[in-house]
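Notes follow the structure.
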Amino acid sequence: MEKELRLATVEDAVQYQLFLLTPKQASEHHQEILQSYIEKILTHFAPILVSYIWQNQPFNLKYKPAKDNIPAHIGGLTKFGDNIEDEWFIVYLLREITKEFPELAARVDDNDGEFLLIEAADYLPKWLNPENSINRVFLHHGELCIIPLKNFPGKDTLLPVANPTLLQALKLLSTHSGDFVATKSIRTAVYKRISGYPEKIQTSLHQAHCYLPVGAAAVLKQRPGLVSAAVQAFYLRDPFDLTACRIFKAFPPETRIMTSVTFTKCLYAQLVQQSFVPDRRSGYSLPPRSHPDYKAYELGMKLAHGFEILCSKCSSAFHDSNKHASSGPLWDNFLNSLKKNNYFKGELEGSAQYLDKLHMAENYFQQTVINPQSSVVRSPGEEIMSILKATNLEDFGKEACSLPPEDDDDWLEITPDALEQILKEARGTSASASTSNEEEQNCDLTEVTRSMKAFMSKVSTHEGAEMPWTSSEAPVNFDIDAFTDALDKILGTTSEELDSDDLEEEEEFEFLDSDEELKTDDQGETPSQADTVESLRSYMDEMDSELASTNIGKSFTTQPGMIEPGKGSLSPNTESDLKDDIGAGAADSTPVDIDLNLVANLLESYTAQAGLAGPVSNILQSMGIHLPENTDHKPH
């Protein structure tokens, strides 16, 4: 049913679908129409897809026939693994696709569900939750659309009472798409995550020098994307994989040369951060750590192990089915699209750089445009062996003297201040360090108490507690139903409208009532609201009288200046007399300074956190309050 369309069941994978909102009546040609859209999309976005290095699997589109209530569409699934940026890059692609082809509507989710809504969780309407969000979230005309629960504004057509089916949702989008554009705050939160593309692709790359076997260097020159398969093979190796690395058959160490390899930052971090000692029988020895090229030797050794593991899993009887299809009108359109979008970056036709880029484009064209529906997918090891067979390795030893400089990898290390800044930006409260320090120095304790009181007055349920928003941050939304419910509760609450907390409190109070009241309840009489309030007061008075005979009162700070004029400060005798009076229930107790006790307890809890995350800092920071460090307990 539609549930299988809703969630990508594969861990760390994103699932996406593109639906044609204006399908042609001739259903027998529907597959051809959708297939033509696959070719148009992959050709149009080829300039940024050809050179993109994916963590696990590339963006792919295939025709999906109609099934149950799911219409025929095109879609795909991509495993992004540890690199979450691949998932958001696909969201960017889908948004751009719906801009370029407005007759298409896209939806996307992963194993967490509607992750676009998760990204904008702070700005979602209260009615929207995981249970009723099915078939409501789409990308259309390059905008995020959310189909609401209620009527169309100014329309007579009613939305379905329950969750809309996919066919109903697509029909609504095709006729009233402008009515469903998400609010600006929701769209801003989502678009912020995909801002910067396609320029952001280059900033996510890292170039490093590697001392690699000449065969591996040749493979990466023709297929730079295979670096991810090699890194993953090494990163996820097991003892059985390493048995193939005792004696290197495909990538012997004596053929190593110095070359430049382009990684994504995620792949580079995975390769660098793993400690590994090669088998002595492999022939891969490392220089001393003080050697200026030690890192290049180590990176090359690890990559070579990854390539060897991939080739060891390749069947010796594989068929090289890589046929160049660089001819015909489809290839001509594909090549013209590349030139139009400056894929070759001004390289002269026929030059070495031009031919390298052209060969990468041919591989992309063969794999994604010509045979997107092919059930026979070559493994990375088969691709590597195919490239090695077709490449002359003698010309690759000359480039070591003209390598581009490698990138600095200082980004691997992060200071506490930089981490704090990243967290602030993620929360949407980014500010300069000087500004935040100034705010901490000017921290107003009255603001702390005001915010905590506002927090305590908010609604708290099993789904969590609402955080108070400042007037500058909170959007103005008037919910008529919520306003009516609030009036009903003020003017007279019925038993059905009481929440679970109210019912539990009533049960507790009724349990503490006298025997006579219990008898009246047994007779079927319902206590009035006044009786309930009186019972509560009686209960509180009894509790006060019990607490008055204890020392709990001494743990609170009382308000100063509340002693009667002329009495001055309390002497020990007076204090003793006061205890006797309290025990007798005849003395007037001094009011407790609630604000002072609140601040004192908060600061004591904040100090106990010792600079780590805790309840006080988490609650106050969520309300925009940053307490300064406790310098009183700092060692000098």
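Naming scheme: A, B, ... for chains in displayed order of the structure tokens; residues 1 onward per chain; ligands 1 onward as shown.
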
If you run DSSP over the backbone, which residues in range 139-319 of chain A end up strand (DSSP E)? Put them as a PDB file with N, CA and C atoms, in the first residue's frame.
```
ATOM      1  N   LEU A 139       7.416  18.974  -2.946  1.00  0.00           N
ATOM      2  CA  LEU A 139       8.121  20.083  -3.585  1.00  0.00           C
ATOM      3  C   LEU A 139       7.481  20.288  -4.951  1.00  0.00           C
ATOM      4  N   HIS A 140       7.036  21.521  -5.214  1.00  0.00           N
ATOM      5  CA  HIS A 140       6.352  21.820  -6.465  1.00  0.00           C
ATOM      6  C   HIS A 140       6.657  23.256  -6.851  1.00  0.00           C
ATOM      7  N   GLU A 143       9.010  25.126  -4.634  1.00  0.00           N
ATOM      8  CA  GLU A 143       8.608  25.548  -3.295  1.00  0.00           C
ATOM      9  C   GLU A 143       8.162  24.345  -2.478  1.00  0.00           C
ATOM     10  N   LEU A 144       8.337  24.467  -1.165  1.00  0.00           N
ATOM     11  CA  LEU A 144       7.872  23.432  -0.246  1.00  0.00           C
ATOM     12  C   LEU A 144       6.378  23.634  -0.005  1.00  0.00           C
ATOM     13  N   CYS A 145       5.603  22.600  -0.251  1.00  0.00           N
ATOM     14  CA  CYS A 145       4.145  22.673  -0.091  1.00  0.00           C
ATOM     15  C   CYS A 145       3.690  21.685   0.978  1.00  0.00           C
ATOM     16  N   ILE A 146       2.752  22.126   1.815  1.00  0.00           N
ATOM     17  CA  ILE A 146       2.162  21.289   2.848  1.00  0.00           C
ATOM     18  C   ILE A 146       0.648  21.371   2.712  1.00  0.00           C
ATOM     19  N   LEU A 205      34.994  19.459  -0.867  1.00  0.00           N
ATOM     20  CA  LEU A 205      36.059  18.590  -1.373  1.00  0.00           C
ATOM     21  C   LEU A 205      37.380  18.887  -0.687  1.00  0.00           C
ATOM     22  N   HIS A 206      38.265  17.910  -0.720  1.00  0.00           N
ATOM     23  CA  HIS A 206      39.602  18.063  -0.127  1.00  0.00           C
ATOM     24  C   HIS A 206      40.615  17.348  -1.019  1.00  0.00           C
ATOM     25  N   GLN A 207      41.649  18.075  -1.449  1.00  0.00           N
ATOM     26  CA  GLN A 207      42.703  17.499  -2.275  1.00  0.00           C
ATOM     27  C   GLN A 207      43.899  17.158  -1.401  1.00  0.00           C
ATOM     28  N   ALA A 208      44.446  15.947  -1.598  1.00  0.00           N
ATOM     29  CA  ALA A 208      45.597  15.501  -0.812  1.00  0.00           C
ATOM     30  C   ALA A 208      46.540  14.705  -1.699  1.00  0.00           C
ATOM     31  N   HIS A 209      47.829  14.768  -1.370  1.00  0.00           N
ATOM     32  CA  HIS A 209      48.819  13.979  -2.083  1.00  0.00           C
ATOM     33  C   HIS A 209      48.825  12.557  -1.514  1.00  0.00           C
ATOM     34  N   CYS A 210      48.893  11.586  -2.412  1.00  0.00           N
ATOM     35  CA  CYS A 210      48.908  10.175  -2.009  1.00  0.00           C
ATOM     36  C   CYS A 210      49.978   9.440  -2.809  1.00  0.00           C
ATOM     37  N   TYR A 211      50.715   8.569  -2.122  1.00  0.00           N
ATOM     38  CA  TYR A 211      51.712   7.728  -2.763  1.00  0.00           C
ATOM     39  C   TYR A 211      51.029   6.418  -3.141  1.00  0.00           C
ATOM     40  N   LEU A 212      50.523   6.371  -4.381  1.00  0.00           N
ATOM     41  CA  LEU A 212      49.622   5.301  -4.832  1.00  0.00           C
ATOM     42  C   LEU A 212      50.271   4.442  -5.905  1.00  0.00           C
ATOM     43  N   PRO A 213      49.858   3.177  -6.002  1.00  0.00           N
ATOM     44  CA  PRO A 213      50.242   2.384  -7.180  1.00  0.00           C
ATOM     45  C   PRO A 213      49.751   3.050  -8.450  1.00  0.00           C
ATOM     46  N   ARG A 256      54.382   2.329  -7.089  1.00  0.00           N
ATOM     47  CA  ARG A 256      53.797   3.542  -6.510  1.00  0.00           C
ATOM     48  C   ARG A 256      54.405   4.819  -7.077  1.00  0.00           C
ATOM     49  N   ILE A 257      53.523   5.818  -7.236  1.00  0.00           N
ATOM     50  CA  ILE A 257      53.930   7.160  -7.661  1.00  0.00           C
ATOM     51  C   ILE A 257      53.203   8.174  -6.782  1.00  0.00           C
ATOM     52  N   MET A 258      53.713   9.381  -6.742  1.00  0.00           N
ATOM     53  CA  MET A 258      53.049  10.452  -6.009  1.00  0.00           C
ATOM     54  C   MET A 258      52.010  11.096  -6.918  1.00  0.00           C
ATOM     55  N   THR A 259      50.774  11.180  -6.436  1.00  0.00           N
ATOM     56  CA  THR A 259      49.682  11.756  -7.216  1.00  0.00           C
ATOM     57  C   THR A 259      48.762  12.549  -6.302  1.00  0.00           C
ATOM     58  N   SER A 260      47.870  13.327  -6.903  1.00  0.00           N
ATOM     59  CA  SER A 260      46.901  14.125  -6.154  1.00  0.00           C
ATOM     60  C   SER A 260      45.526  13.475  -6.272  1.00  0.00           C
ATOM     61  N   VAL A 261      44.873  13.283  -5.133  1.00  0.00           N
ATOM     62  CA  VAL A 261      43.572  12.626  -5.087  1.00  0.00           C
ATOM     63  C   VAL A 261      42.554  13.587  -4.485  1.00  0.00           C
ATOM     64  N   THR A 262      41.382  13.635  -5.097  1.00  0.00           N
ATOM     65  CA  THR A 262      40.292  14.476  -4.593  1.00  0.00           C
ATOM     66  C   THR A 262      39.330  13.620  -3.782  1.00  0.00           C
ATOM     67  N   PHE A 263      39.159  13.979  -2.516  1.00  0.00           N
ATOM     68  CA  PHE A 263      38.209  13.326  -1.621  1.00  0.00           C
ATOM     69  C   PHE A 263      37.072  14.301  -1.297  1.00  0.00           C
ATOM     70  N   THR A 264      35.980  13.770  -0.774  1.00  0.00           N
ATOM     71  CA  THR A 264      35.092  14.634   0.004  1.00  0.00           C
ATOM     72  C   THR A 264      35.677  14.713   1.404  1.00  0.00           C
TER      73      THR A 264
END
```

Determine, for each residue of range 202-274 of chain A having at least one atom at most 10 Å from an atom of range 389-392 of chain A, the closest pair of atoms and their separation in Å to one decimal, counting only C-alpha atoms; order by chain and ascending number, as a Markdown table.
```
| residue | atom | partner | partner_atom | distance |
| --- | --- | --- | --- | --- |
| A:Gly215 | CA | A:Thr391 | CA | 8.7 |
| A:Ala218 | CA | A:Thr391 | CA | 7.5 |
| A:Val219 | CA | A:Thr391 | CA | 8.7 |
| A:Gln222 | CA | A:Thr391 | CA | 9.6 |
```

Tell me, as an MDAnalysis selection string, which residues lie within 8 Å of Leu303 in chain A, counting only C-alpha atoms; anything in the same chain fewer than 2 positions away does not count.
chainID A and resid 212 227 230:231 234 299:301 305:307
